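Single-structure report; data block below.
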Amino acid sequence: MTTTRRGLLAGSAAVVVGAALDAPAAQAHTASGSGQKPTVVLVHGAFADASGWNGVASRLIRDGYPVIAPPNPLRSVASDSAYLAGILATLSSPLVLVAHSYGGIVVTNAATGNPNVKALVYVAAFVPDQGETLLGLQTKYPGSRLSEEALDFRPYGEGFVDGYIKKELFHDVFAGDLPKATAELMWAGQRPADVRTLGEPSGAPAWKTIPSWYLVGRDDQVLPPAAQRFMARRADARTFEADASHVAMIAQPAATAALIKRAAR
């Protein structure tokens, strides 16, 4: 059992996380007390698409939350963040931004300066400080199996290269707690990231001024749990843990949705 800097306790298993976090939808509210539920914006990461949020989104929609899950272009940190910031600018309601993996660096940049963003929720996601890179955070602690050898590289355009997780490694590295048949479909439809994103520095972080929550995947083979805990502590995030792979939102949708609803109160 772990303790966050704000004193919230993490469950010892995924089912405990869900029980500790879940609450009737009627209890959810915004800080303004208006009764309006915030819009939840679900941002996917690399090697994935918005469908990875389906289990979470269906639970939130059932409980009355407005939800959107926009595409993340996966072209560069700066352009992806600007793209999401443009979407956020069209939304006038209070916002809760939820990010998985690479999506974390995108929301960290896109939310900066937006007064409508009331909370940030990171699910096995990168939470960079200014000037930090994905590769630097991923390798800060040992344990990641997403090495250069785990990727297929495919050039596109003039001098650009995309990275894909190799088929024989996708299940064990990316989604080890999902059925192999499910992982095979995810591999077939994976959206690659431009490899330049790995070394591109992040900008001014929104988590320094916006409250944040974090769900650590204890069995993550992509972003080591130690790195996740380090970033969560630094952001002063309310932190919970689950026995989940890198795709905790797919493997544990109830626990993930419960954490989002807590952040949305």
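Following the order of the structure tokens, first chain is A, next is B, and so on, with residues numbered from 1 inside each chain and ligands from 1 in the order they appear.
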Would you give me, as a PyMOL selection string, the residues in stretch 2-220 of chain A that DSSP reads as strand (DSSP E)?
-> chain A and resi 39-43+67-68+95-100+117-123+151-156+160-165+193-194+212-217
All residues 10 Å or closer to A:Pro128, only C-alpha atoms, same chain fewer than 6 positions away omitted, as a ChimeraX atom specification = /A:104-106,108-109,134,136-137,201-207,231,234-235
Separating atom CA of A:Ala57 from atom CA of A:Tyr83, to the nearest tenth of an Å, is a gap of 21.2 Å
Residue with smallest distance to A:Ala125 - pool A:Ser92, A:Ser76, A:Thr112, A:Ser245, counting only C-alpha atoms =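 Once distances to A:Ala125 are computed over only C-alpha atoms, the minimum belongs to A:Ser245.
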Give me, please, the distance in Å between atom CA of A:Val161 and atom CA of A:Val195, quoted to one decimal.
->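 For atom CA of A:Val161 relative to atom CA of A:Val195, the distance reads 6.1 Å.
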Hey, what's within 7 Å of A:Ala251 if we count only C-alpha atoms and toss same-chain stuff fewer than 3 positions away? As a list of chain:residue names, please?
->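 Everything that qualifies: A:Asp177, A:Leu178, A:Ala244, A:Val247, A:Ala248.
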Proximity to A:Lys37 - best of A:Ala150, A:Ala50, A:Val67, A:Ile87, only C-alpha atoms =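 Checking each of A:Ala150, A:Ala50, A:Val67, A:Ile87 against A:Lys37, counting only C-alpha atoms, the winner is A:Val67.
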Distance of atom CA of A:Val40 from atom CA of A:Gln221, expressed in Å to one decimal place = 27.1 Å
Proximity to A:Leu146 - best of A:Gly86, A:Gly163, A:Gly52, A:Gly64, only C-alpha atoms =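 Between A:Gly86, A:Gly163, A:Gly52, A:Gly64, the residue approaching A:Leu146 most closely is A:Gly163.
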Once DSSP has gone over the backbone, tell me which residues of stretch 85-125 of chain A are in helix (DSSP H, G or I), as a list in words.
->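 Answer for stretch 85-125 of chain A restricted to helix (DSSP H, G or I) is Ala85, Gly86, Ile87, Leu88, Gly103, Gly104, Ile105, Val106, Val107, Thr108, Asn109 and Ala110 of chain A.
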Leaving out A:Arg75 and any residue of its chain fewer than 6 positions from it, which residues lie within 12 Å of it when counting only C-alpha atoms, given as a list of chain:residue names?
->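 That gives A:Gly45, A:Ala46, A:Ser81, A:Ala82, A:Tyr83, A:Tyr102, A:Gly103, A:Val106, A:Tyr156, A:Phe160, A:Val161, A:Asp162, A:Gly163, A:Arg191, A:Pro192, A:Ala193, A:Asp194, A:Val195, A:Arg196, A:Thr197, A:Leu198, A:Glu200.
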Of the listed residues A:Lys118, A:Arg229, A:His246, A:Lys166, that which approaches A:Ile210 most closely, counting only C-alpha atoms =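 Selected residue with least distance to A:Ile210: A:Lys118.
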Using only C-alpha atoms, which residue out of A:Gln252, A:Ile68, A:Lys208, A:Asp49 lies closest to A:Gln130?
->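 Closest residue, counting only C-alpha atoms: A:Lys208.
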